[in-house]
$ cat run.pdb   # PDB, C-alpha atoms
ATOM      1  CA  MET C 330       1.689 -12.728 -32.197  1.00  0.00           C
ATOM      2  CA  GLU C 331      -0.365 -13.907 -29.257  1.00  0.00           C
ATOM      3  CA  ALA C 332       1.313 -13.665 -25.872  1.00  0.00           C
ATOM      4  CA  VAL C 333       1.636 -16.959 -24.019  1.00  0.00           C
ATOM      5  CA  LYS C 334       2.555 -17.800 -20.438  1.00  0.00           C
ATOM      6  CA  ILE C 335       5.811 -19.710 -20.181  1.00  0.00           C
ATOM      7  CA  GLU C 336       5.982 -20.610 -16.490  1.00  0.00           C
ATOM      8  CA  THR C 337       5.305 -24.326 -15.975  1.00  0.00           C
ATOM      9  CA  ASN C 338       6.037 -24.890 -12.280  1.00  0.00           C
ATOM     10  CA  GLU C 339       2.654 -24.631 -10.566  1.00  0.00           C
ATOM     11  CA  ALA C 340       3.916 -23.152  -7.300  1.00  0.00           C
ATOM     12  CA  ARG C 341       5.996 -20.504  -9.045  1.00  0.00           C
ATOM     13  CA  ALA C 342       3.217 -19.797 -11.536  1.00  0.00           C
ATOM     14  CA  GLY C 343       0.761 -19.212  -8.699  1.00  0.00           C
ATOM     15  CA  LEU C 344       3.110 -16.780  -6.992  1.00  0.00           C
ATOM     16  CA  ILE C 345       3.772 -14.879 -10.211  1.00  0.00           C
ATOM     17  CA  ASP C 346       0.067 -14.735 -11.059  1.00  0.00           C
ATOM     18  CA  ALA C 347      -0.741 -13.276  -7.635  1.00  0.00           C
ATOM     19  CA  ILE C 348       2.079 -10.740  -7.815  1.00  0.00           C
ATOM     20  CA  VAL C 349       1.193  -9.554 -11.307  1.00  0.00           C
ATOM     21  CA  GLU C 350      -2.479  -9.245 -10.380  1.00  0.00           C
ATOM     22  CA  GLY C 351      -1.626  -7.120  -7.356  1.00  0.00           C
ATOM     23  CA  GLU C 352       0.850  -4.996  -9.288  1.00  0.00           C
ATOM     24  CA  TRP C 353      -1.580  -4.422 -12.140  1.00  0.00           C
ATOM     25  CA  ASP C 354      -4.220  -3.116  -9.746  1.00  0.00           C
ATOM     26  CA  MET C 355      -1.633  -0.673  -8.413  1.00  0.00           C
ATOM     27  CA  PHE C 356      -0.284   0.278 -11.829  1.00  0.00           C
ATOM     28  CA  ARG C 357      -3.635   1.164 -13.331  1.00  0.00           C
ATOM     29  CA  SER C 358      -4.422   3.221 -10.221  1.00  0.00           C
ATOM     30  CA  VAL C 359      -1.341   5.444 -10.476  1.00  0.00           C
ATOM     31  CA  ASN C 360      -2.422   9.087 -10.730  1.00  0.00           C
ATOM     32  CA  ASN C 361      -0.556  10.885 -13.487  1.00  0.00           C
ATOM     33  CA  VAL C 362      -0.455  14.586 -14.178  1.00  0.00           C
ATOM     34  CA  GLY C 363      -2.698  15.095 -17.192  1.00  0.00           C
ATOM     35  CA  GLY C 364      -4.674  11.884 -16.687  1.00  0.00           C
ATOM     36  CA  PRO C 365      -3.993   8.154 -17.176  1.00  0.00           C
ATOM     37  CA  ALA C 366      -1.012   7.253 -19.353  1.00  0.00           C
ATOM     38  CA  GLU C 367      -1.582   5.107 -22.438  1.00  0.00           C
ATOM     39  CA  CYS C 368       0.423   2.234 -20.929  1.00  0.00           C
ATOM     40  CA  GLN C 369      -2.064   2.017 -18.048  1.00  0.00           C
ATOM     41  CA  SER C 370      -4.606   0.502 -20.448  1.00  0.00           C
ATOM     42  CA  GLN C 371      -2.161  -2.065 -21.867  1.00  0.00           C
ATOM     43  CA  GLN C 372      -2.532  -4.912 -19.413  1.00  0.00           C
ATOM     44  CA  GLY C 373      -1.130  -7.512 -21.794  1.00  0.00           C
ATOM     45  CA  THR C 374       2.130  -5.643 -22.292  1.00  0.00           C
ATOM     46  CA  PHE C 375       2.407  -4.948 -18.569  1.00  0.00           C
ATOM     47  CA  GLU C 376       1.994  -8.633 -17.734  1.00  0.00           C
ATOM     48  CA  ILE C 377       4.533  -9.754 -20.332  1.00  0.00           C
ATOM     49  CA  MET C 378       7.210  -7.451 -18.962  1.00  0.00           C
ATOM     50  CA  ARG C 379       6.568  -8.281 -15.311  1.00  0.00           C
ATOM     51  CA  ARG C 380       6.324 -12.044 -15.876  1.00  0.00           C
ATOM     52  CA  ALA C 381       9.626 -12.000 -17.766  1.00  0.00           C
ATOM     53  CA  GLN C 382      11.294 -10.313 -14.799  1.00  0.00           C
ATOM     54  CA  PHE C 383       9.809 -12.631 -12.202  1.00  0.00           C
ATOM     55  CA  LYS C 384      10.749 -15.727 -14.191  1.00  0.00           C
ATOM     56  CA  THR C 385      14.367 -15.097 -13.169  1.00  0.00           C
ATOM     57  CA  TRP C 386      13.544 -14.898  -9.452  1.00  0.00           C
ATOM     58  CA  GLY C 387      13.769 -17.780  -7.003  1.00  0.00           C
ATOM     59  CA  GLU C 388      10.630 -19.129  -5.380  1.00  0.00           C
ATOM     60  CA  LYS C 389      11.550 -17.728  -1.955  1.00  0.00           C
ATOM     61  CA  THR C 390      12.091 -14.292  -3.495  1.00  0.00           C
ATOM     62  CA  LEU C 391       8.728 -14.458  -5.220  1.00  0.00           C
ATOM     63  CA  GLY C 392       6.986 -15.481  -2.021  1.00  0.00           C
ATOM     64  CA  CYS C 393       8.614 -12.716  -0.034  1.00  0.00           C
ATOM     65  CA  TYR C 394       7.759 -10.060  -2.616  1.00  0.00           C
ATOM     66  CA  LEU C 395       4.164 -11.268  -2.752  1.00  0.00           C
ATOM     67  CA  GLU C 396       4.009 -10.550   0.971  1.00  0.00           C
ATOM     68  CA  ASP C 397       5.373  -7.057   0.217  1.00  0.00           C
ATOM     69  CA  VAL C 398       2.542  -6.499  -2.251  1.00  0.00           C
ATOM     70  CA  LYS C 399      -0.114  -7.812   0.138  1.00  0.00           C
ATOM     71  CA  ARG C 400       1.245  -5.749   3.008  1.00  0.00           C
ATOM     72  CA  ALA C 401       1.222  -2.622   0.848  1.00  0.00           C
ATOM     73  CA  GLN C 402      -2.392  -3.261  -0.139  1.00  0.00           C
ATOM     74  CA  ILE C 403      -3.421  -3.557   3.501  1.00  0.00           C
ATOM     75  CA  GLN C 404      -1.549  -0.353   4.354  1.00  0.00           C
ATOM     76  CA  GLY C 405      -3.083   1.518   1.423  1.00  0.00           C
ATOM     77  CA  ARG C 406       0.286   1.994  -0.266  1.00  0.00           C
ATOM     78  CA  ASN C 407       0.746   1.891  -4.032  1.00  0.00           C
ATOM     79  CA  LEU C 408       4.196   0.488  -4.788  1.00  0.00           C
ATOM     80  CA  MET C 409       3.918   1.550  -8.431  1.00  0.00           C
ATOM     81  CA  THR C 410       3.212   5.141  -7.435  1.00  0.00           C
ATOM     82  CA  GLU C 411       6.198   5.083  -5.086  1.00  0.00           C
ATOM     83  CA  LYS C 412       8.449   3.659  -7.801  1.00  0.00           C
ATOM     84  CA  TYR C 413       7.561   6.337 -10.333  1.00  0.00           C
ATOM     85  CA  ALA C 414       7.848   9.018  -7.674  1.00  0.00           C
ATOM     86  CA  ARG C 415      11.364   7.872  -6.785  1.00  0.00           C
ATOM     87  CA  MET C 416      12.383   7.981 -10.459  1.00  0.00           C
ATOM     88  CA  MET C 417      11.719  11.695 -10.293  1.00  0.00           C
ATOM     89  CA  ALA C 418      14.789  12.103  -8.089  1.00  0.00           C
ATOM     90  CA  VAL C 419      16.699  11.688 -11.369  1.00  0.00           C
ATOM     91  CA  THR C 420      14.242  12.797 -14.043  1.00  0.00           C
ATOM     92  CA  HIS C 421      12.561  15.717 -12.228  1.00  0.00           C
ATOM     93  CA  PRO C 422      14.728  16.565  -9.194  1.00  0.00           C
ATOM     94  CA  ASP C 423      13.018  19.883  -8.450  1.00  0.00           C
ATOM     95  CA  GLU C 424       9.568  18.294  -8.420  1.00  0.00           C
ATOM     96  CA  PHE C 425      10.857  15.329  -6.434  1.00  0.00           C
ATOM     97  CA  ALA C 426      12.132  17.656  -3.711  1.00  0.00           C
ATOM     98  CA  LYS C 427       8.550  18.809  -3.179  1.00  0.00           C
ATOM     99  CA  ILE C 428       7.141  15.292  -2.671  1.00  0.00           C
ATOM    100  CA  ALA C 429      10.083  13.436  -1.096  1.00  0.00           C
ATOM    101  CA  SER C 430       8.790  13.942   2.443  1.00  0.00           C
ATOM    102  CA  MET C 431       5.482  12.267   1.506  1.00  0.00           C
ATOM    103  CA  LEU C 432       7.173   8.996   0.544  1.00  0.00           C
ATOM    104  CA  PRO C 433       7.832   6.235   3.079  1.00  0.00           C
ATOM    105  CA  PRO C 434      11.373   6.428   4.465  1.00  0.00           C
ATOM    106  CA  VAL C 435      13.857   3.988   2.929  1.00  0.00           C
ATOM    107  CA  ASP C 436      15.891   1.795   5.264  1.00  0.00           C
ATOM    108  CA  ALA C 437      19.668   2.118   4.888  1.00  0.00           C
ATOM    109  CA  GLN C 438      19.867  -1.643   4.317  1.00  0.00           C
ATOM    110  CA  VAL C 439      17.447  -1.331   1.403  1.00  0.00           C
ATOM    111  CA  VAL C 440      19.655   1.308  -0.212  1.00  0.00           C
ATOM    112  CA  GLU C 441      22.793  -0.787   0.252  1.00  0.00           C
ATOM    113  CA  LEU C 442      21.234  -3.976  -1.089  1.00  0.00           C
ATOM    114  CA  GLY C 443      19.732  -2.132  -4.032  1.00  0.00           C
ATOM    115  CA  VAL C 444      23.132  -0.746  -5.028  1.00  0.00           C
ATOM    116  CA  ARG C 445      24.681  -4.218  -4.916  1.00  0.00           C
ATOM    117  CA  ILE C 446      21.912  -5.784  -7.016  1.00  0.00           C
ATOM    118  CA  ALA C 447      21.962  -2.941  -9.547  1.00  0.00           C
ATOM    119  CA  ALA C 448      25.699  -3.428 -10.104  1.00  0.00           C
ATOM    120  CA  TYR C 449      25.118  -6.968 -11.368  1.00  0.00           C
ATOM    121  CA  HIS C 450      22.357  -5.818 -13.683  1.00  0.00           C
ATOM    122  CA  GLU C 451      24.506  -3.050 -15.130  1.00  0.00           C
ATOM    123  CA  ASN C 452      27.153  -5.566 -16.208  1.00  0.00           C
ATOM    124  CA  TRP C 453      24.539  -7.970 -17.524  1.00  0.00           C
ATOM    125  CA  ASP C 454      22.759  -5.267 -19.477  1.00  0.00           C
ATOM    126  CA  ARG C 455      25.961  -4.186 -21.212  1.00  0.00           C
ATOM    127  CA  GLU C 456      26.613  -7.791 -22.198  1.00  0.00           C
ATOM    128  CA  ALA C 457      23.035  -8.118 -23.450  1.00  0.00           C
ATOM    129  CA  ALA C 458      23.482  -5.011 -25.616  1.00  0.00           C
ATOM    130  CA  GLU C 459      26.606  -6.544 -27.162  1.00  0.00           C
ATOM    131  CA  LYS C 460      25.020  -9.926 -27.879  1.00  0.00           C
ATOM    132  CA  TYR C 461      21.512  -8.750 -28.832  1.00  0.00           C
ATOM    133  CA  PRO C 462      21.848  -5.145 -30.014  1.00  0.00           C
ATOM    134  CA  PHE C 463      18.617  -5.038 -32.009  1.00  0.00           C
ATOM    135  CA  ILE C 464      16.434  -6.422 -29.240  1.00  0.00           C
ATOM    136  CA  ARG C 465      18.127  -4.300 -26.599  1.00  0.00           C
ATOM    137  CA  ALA C 466      17.739  -1.182 -28.747  1.00  0.00           C
ATOM    138  CA  ASN C 467      13.971  -1.557 -28.419  1.00  0.00           C
ATOM    139  CA  GLY C 468      14.148  -1.212 -24.630  1.00  0.00           C
ATOM    140  CA  ARG C 469      14.995   1.568 -22.249  1.00  0.00           C
ATOM    141  CA  PRO C 470      18.530   2.975 -22.613  1.00  0.00           C
ATOM    142  CA  PHE C 471      20.907   1.763 -19.943  1.00  0.00           C
ATOM    143  CA  ASP C 472      23.284   4.685 -19.871  1.00  0.00           C
ATOM    144  CA  GLY C 473      22.079   6.238 -16.643  1.00  0.00           C
ATOM    145  CA  GLN C 474      21.266   9.464 -18.460  1.00  0.00           C
ATOM    146  CA  SER C 475      17.576   9.707 -17.659  1.00  0.00           C
ATOM    147  CA  THR C 476      15.727  12.764 -18.897  1.00  0.00           C
ATOM    148  CA  ALA C 477      12.242  14.145 -18.412  1.00  0.00           C
ATOM    149  CA  ASP C 478      11.205  12.351 -21.629  1.00  0.00           C
ATOM    150  CA  GLN C 479      12.924   8.990 -21.203  1.00  0.00           C
ATOM    151  CA  THR C 480      13.853   7.076 -18.069  1.00  0.00           C
ATOM    152  CA  SER C 481      16.856   4.776 -18.301  1.00  0.00           C
ATOM    153  CA  ALA C 482      16.604   1.130 -17.300  1.00  0.00           C
ATOM    154  CA  ASP C 483      19.093   1.785 -14.520  1.00  0.00           C
ATOM    155  CA  THR C 484      17.024   4.610 -13.009  1.00  0.00           C
ATOM    156  CA  TYR C 485      13.842   2.542 -13.382  1.00  0.00           C
ATOM    157  CA  MET C 486      15.351  -0.492 -11.681  1.00  0.00           C
ATOM    158  CA  ARG C 487      16.991   1.390  -8.824  1.00  0.00           C
ATOM    159  CA  ALA C 488      13.721   3.182  -8.045  1.00  0.00           C
ATOM    160  CA  GLU C 489      11.848  -0.122  -8.029  1.00  0.00           C
ATOM    161  CA  LEU C 490      14.376  -1.789  -5.732  1.00  0.00           C
ATOM    162  CA  LEU C 491      13.743   0.949  -3.177  1.00  0.00           C
ATOM    163  CA  THR C 492      10.116  -0.218  -2.896  1.00  0.00           C
ATOM    164  CA  TYR C 493      11.098  -3.774  -1.876  1.00  0.00           C
ATOM    165  CA  SER C 494      11.426  -4.935   1.713  1.00  0.00           C
ATOM    166  CA  PRO C 495      14.869  -5.823   3.126  1.00  0.00           C
ATOM    167  CA  ASP C 496      13.886  -9.506   3.187  1.00  0.00           C
ATOM    168  CA  THR C 497      12.903  -9.503  -0.487  1.00  0.00           C
ATOM    169  CA  LEU C 498      16.150  -7.773  -1.405  1.00  0.00           C
ATOM    170  CA  LEU C 499      18.210 -10.275   0.584  1.00  0.00           C
ATOM    171  CA  TYR C 500      16.600 -13.148  -1.311  1.00  0.00           C
ATOM    172  CA  LEU C 501      16.981 -11.302  -4.602  1.00  0.00           C
ATOM    173  CA  LEU C 502      20.659 -10.647  -3.929  1.00  0.00           C
ATOM    174  CA  LYS C 503      21.126 -14.382  -3.391  1.00  0.00           C
ATOM    175  CA  ASP C 504      19.429 -14.999  -6.744  1.00  0.00           C
ATOM    176  CA  VAL C 505      21.724 -12.628  -8.627  1.00  0.00           C
ATOM    177  CA  GLU C 506      24.849 -13.830  -6.829  1.00  0.00           C
ATOM    178  CA  THR C 507      23.983 -17.434  -7.664  1.00  0.00           C
ATOM    179  CA  ALA C 508      23.338 -16.501 -11.278  1.00  0.00           C
ATOM    180  CA  ALA C 509      26.679 -14.704 -11.484  1.00  0.00           C
ATOM    181  CA  THR C 510      28.474 -17.724 -10.012  1.00  0.00           C
ATOM    182  CA  GLU C 511      26.786 -19.928 -12.605  1.00  0.00           C
ATOM    183  CA  ARG C 512      27.783 -17.455 -15.337  1.00  0.00           C
ATOM    184  CA  ARG C 513      24.147 -16.747 -16.175  1.00  0.00           C
ATOM    185  CA  ASN C 514      22.964 -13.368 -17.407  1.00  0.00           C
ATOM    186  CA  LEU C 515      19.570 -12.559 -15.899  1.00  0.00           C
ATOM    187  CA  VAL C 516      18.980  -9.613 -18.218  1.00  0.00           C
ATOM    188  CA  ILE C 517      19.358 -11.896 -21.234  1.00  0.00           C
ATOM    189  CA  GLU C 518      17.095 -14.450 -19.538  1.00  0.00           C
ATOM    190  CA  GLN C 519      14.470 -11.746 -19.023  1.00  0.00           C
ATOM    191  CA  LEU C 520      14.746 -10.671 -22.659  1.00  0.00           C
ATOM    192  CA  GLU C 521      14.391 -14.264 -23.824  1.00  0.00           C
ATOM    193  CA  ALA C 522      11.341 -14.783 -21.605  1.00  0.00           C
ATOM    194  CA  THR C 523       9.851 -11.632 -23.108  1.00  0.00           C
ATOM    195  CA  MET C 524      10.500 -12.787 -26.673  1.00  0.00           C
ATOM    196  CA  LYS C 525       8.951 -16.189 -25.984  1.00  0.00           C
ATOM    197  CA  GLN C 526       5.813 -14.589 -24.587  1.00  0.00           C
ATOM    198  CA  TYR C 527       5.526 -12.692 -27.863  1.00  0.00           C
ATOM    199  CA  GLY C 528       5.682 -15.975 -29.743  1.00  0.00           C
ATOM    200  CA  TRP C 529       9.327 -16.349 -30.744  1.00  0.00           C
ATOM    201  CA  SER C 530      10.969 -19.736 -30.234  1.00  0.00           C
ATOM    202  CA  SER C 531      14.117 -18.114 -28.870  1.00  0.00           C
ATOM    203  CA  ILE C 532      15.855 -14.796 -28.350  1.00  0.00           C
ATOM    204  CA  ASP C 533      18.209 -15.645 -31.225  1.00  0.00           C
ATOM    205  CA  GLU C 534      15.291 -16.049 -33.635  1.00  0.00           C
ATOM    206  CA  ALA C 535      13.903 -12.672 -32.587  1.00  0.00           C
ATOM    207  CA  GLU C 536      17.314 -10.986 -32.918  1.00  0.00           C
ATOM    208  CA  ALA C 537      17.835 -12.444 -36.382  1.00  0.00           C
ATOM    209  CA  TYR C 538      14.438 -11.165 -37.498  1.00  0.00           C
ATOM    210  CA  LEU C 539      15.075  -7.658 -36.187  1.00  0.00           C
ATOM    211  CA  SER C 540      18.546  -7.596 -37.722  1.00  0.00           C
ATOM    212  CA  LYS C 541      17.183  -8.605 -41.118  1.00  0.00           C
ATOM    213  CA  LYS C 542      14.374  -6.078 -40.812  1.00  0.00           C
ATOM    214  CA  ALA C 543      16.833  -3.287 -40.021  1.00  0.00           C
ATOM    215  CA  ALA C 544      18.944  -4.207 -43.043  1.00  0.00           C
ATOM    216  CA  THR C 545      15.970  -3.688 -45.373  1.00  0.00           C
ATOM    217  CA  VAL C 546      15.089  -0.223 -44.115  1.00  0.00           C
TER     218      VAL C 546
END
$ encode --input "run.pdb" --output "structure tokens"
Amino acid sequence: MEAVKIETNEARAGLIDAIVEGEWDMFRSVNNVGGPAECQSQQGTFEIMRRAQFKTWGEKTLGCYLEDVKRAQIQGRNLMTEKYARMMAVTHPDEFAKIASMLPPVDAQVVELGVRIAAYHENWDREAAEKYPFIRANGRPFDGQSTADQTSADTYMRAELLTYSPDTLLYLLKDVETAATERRNLVIEQLEATMKQYGWSSIDEAEAYLSKKAATV
């Protein structure tokens, strides 16, 4: 199925386009032990996943994060490299101890805001796994038990949040708090946005297909 863009608001679409472009440049430039990873050549998949995430963000959050990306580019920082490095605190703690001092220091406010945001996502992800088990099974595990071979969604997200500025996190916290008040599940919204970019009419259609496929195996 051909991936399609699903953002229709021009202002939001422009912000997302600029963010994804900047992130992709960083992502493909990440230096991996043993050479480039296969995913670093899969721009289409990268864009689908990032656009699905940003679709759930408010316009002010998007604008603030775009400034984070631009600022990092000017400073010569690679936010993707920093994210994957911070994952190592869980997946490769011994190796992380050797590089921790080379990473930019993290503000205490960033840590606190990240913990609060992650708590919402943990609840949402568990609900998503209950409602859409076949779709969710195709993603990263969300059990917090990251290993050297597989990084959990929780570890991935927490490491990424540590690369955001305090201002971006404050706006993002408002987004998740508003969603919770409105009884929305942003993880399910991200999954649905992903499915639609892959050509499905809805997340329910995709779940039904995967369920039927599993039953025939």
$ closest_residue --input "run.pdb" --among "C:Ile348, C:Ala429, C:Ile464, C:Ala447" --to "Arg400 (chain C)" --atoms "only C-alpha atoms"
C:Ile348
$ closest_atom_pairs --input "run.pdb" --of "region 444-492 of chain C" --to "region 410-419 of chain C" --cutoff "7 Å" --atoms "only C-alpha atoms" --output "Markdown table"
| residue | atom | partner | partner_atom | distance |
| --- | --- | --- | --- | --- |
| C:Ser475 | CA | C:Val419 | CA | 6.7 |
| C:Thr484 | CA | C:Met416 | CA | 6.3 |
| C:Tyr485 | CA | C:Met416 | CA | 6.3 |
| C:Ala488 | CA | C:Lys412 | CA | 5.3 |
| C:Glu489 | CA | C:Lys412 | CA | 5.1 |
| C:Thr492 | CA | C:Lys412 | CA | 6.5 |
$ closest_residue --input "run.pdb" --among "C:Ser494, C:Gln526, C:Asn360, C:Thr390" --to "Pro433 (chain C)" --atoms "all atoms listed in the file"
C:Ser494
$ atom_distance --input "run.pdb" --atom1 "CA of Glu506 (chain C)" --atom2 "CA of Glu451 (chain C)"
13.6 Å
$ closest_residue --input "run.pdb" --among "C:Asp504, C:Asp397, C:Glu459, C:Glu534" --to "Thr385 (chain C)" --atoms "only C-alpha atoms"
C:Asp504
$ closest_residue --input "run.pdb" --among "C:Glu511, C:Asp483, C:Glu441, C:Asp533" --to "Leu499 (chain C)" --atoms "all atoms listed in the file"
C:Glu441
$ closest_residue --input "run.pdb" --among "C:Gln372, C:Thr507, C:Ser531, C:Thr523" --to "Tyr449 (chain C)" --atoms "only C-alpha atoms"
C:Thr507
$ closest_residue --input "run.pdb" --among "C:Ala509, C:Ala458, C:Met409, C:Ala342" --to "Phe356 (chain C)" --atoms "all atoms listed in the file"
C:Met409
$ resolve_selection --input "run.pdb" --expression "the PyMOL selection byres ((chain C and resi 443) around 10)" --output "list in words"
Ala437, Gln438, Val439, Val440, Glu441, Leu442, Val444, Arg445, Ile446, Ala447, Ala448, Met486, Arg487, Ala488, Glu489, Leu490, Leu491, Thr492, Tyr493, Pro495, Leu498, Leu499, Leu501 and Leu502 of chain C
$ resolve_selection --input "run.pdb" --expression "the PyMOL selection byres ((chain C and resi 379) around 12)" --output "count of residues only"
30
$ atom_distance --input "run.pdb" --atom1 "CA of Trp453 (chain C)" --atom2 "CA of Gly392 (chain C)"
24.6 Å
$ atom_distance --input "run.pdb" --atom1 "CA of Ala457 (chain C)" --atom2 "CA of Tyr500 (chain C)"
23.6 Å
$ residues_near_point --input "run.pdb" --point "(16.1, -1.7, -23.6)" --cutoff "9 Å" --atoms "all atoms listed in the file" --output "list in words"
Asp454, Ala458, Ile464, Arg465, Ala466, Asn467, Gly468, Arg469, Pro470, Phe471, Ser481 and Ala482 of chain C
$ write_last_selection --input "run.pdb" --atoms "C-alpha atoms" --output "PDB file, in the frame of the given file"
ATOM      1  CA  ASP C 454      22.759  -5.267 -19.477  1.00  0.00           C
ATOM      2  CA  ALA C 458      23.482  -5.011 -25.616  1.00  0.00           C
ATOM      3  CA  ILE C 464      16.434  -6.422 -29.240  1.00  0.00           C
ATOM      4  CA  ARG C 465      18.127  -4.300 -26.599  1.00  0.00           C
ATOM      5  CA  ALA C 466      17.739  -1.182 -28.747  1.00  0.00           C
ATOM      6  CA  ASN C 467      13.971  -1.557 -28.419  1.00  0.00           C
ATOM      7  CA  GLY C 468      14.148  -1.212 -24.630  1.00  0.00           C
ATOM      8  CA  ARG C 469      14.995   1.568 -22.249  1.00  0.00           C
ATOM      9  CA  PRO C 470      18.530   2.975 -22.613  1.00  0.00           C
ATOM     10  CA  PHE C 471      20.907   1.763 -19.943  1.00  0.00           C
ATOM     11  CA  SER C 481      16.856   4.776 -18.301  1.00  0.00           C
ATOM     12  CA  ALA C 482      16.604   1.130 -17.300  1.00  0.00           C
TER      13      ALA C 482
END
$ axis_aligned_box --input "run.pdb" --around "region 437-442 of chain C" --padding-each-side "4 Å" --output "AutoDock Vina command-line options"
--center_x 20.1 --center_y -0.9 --center_z 1.9 --size_x 13.3 --size_y 14.1 --size_z 14.0
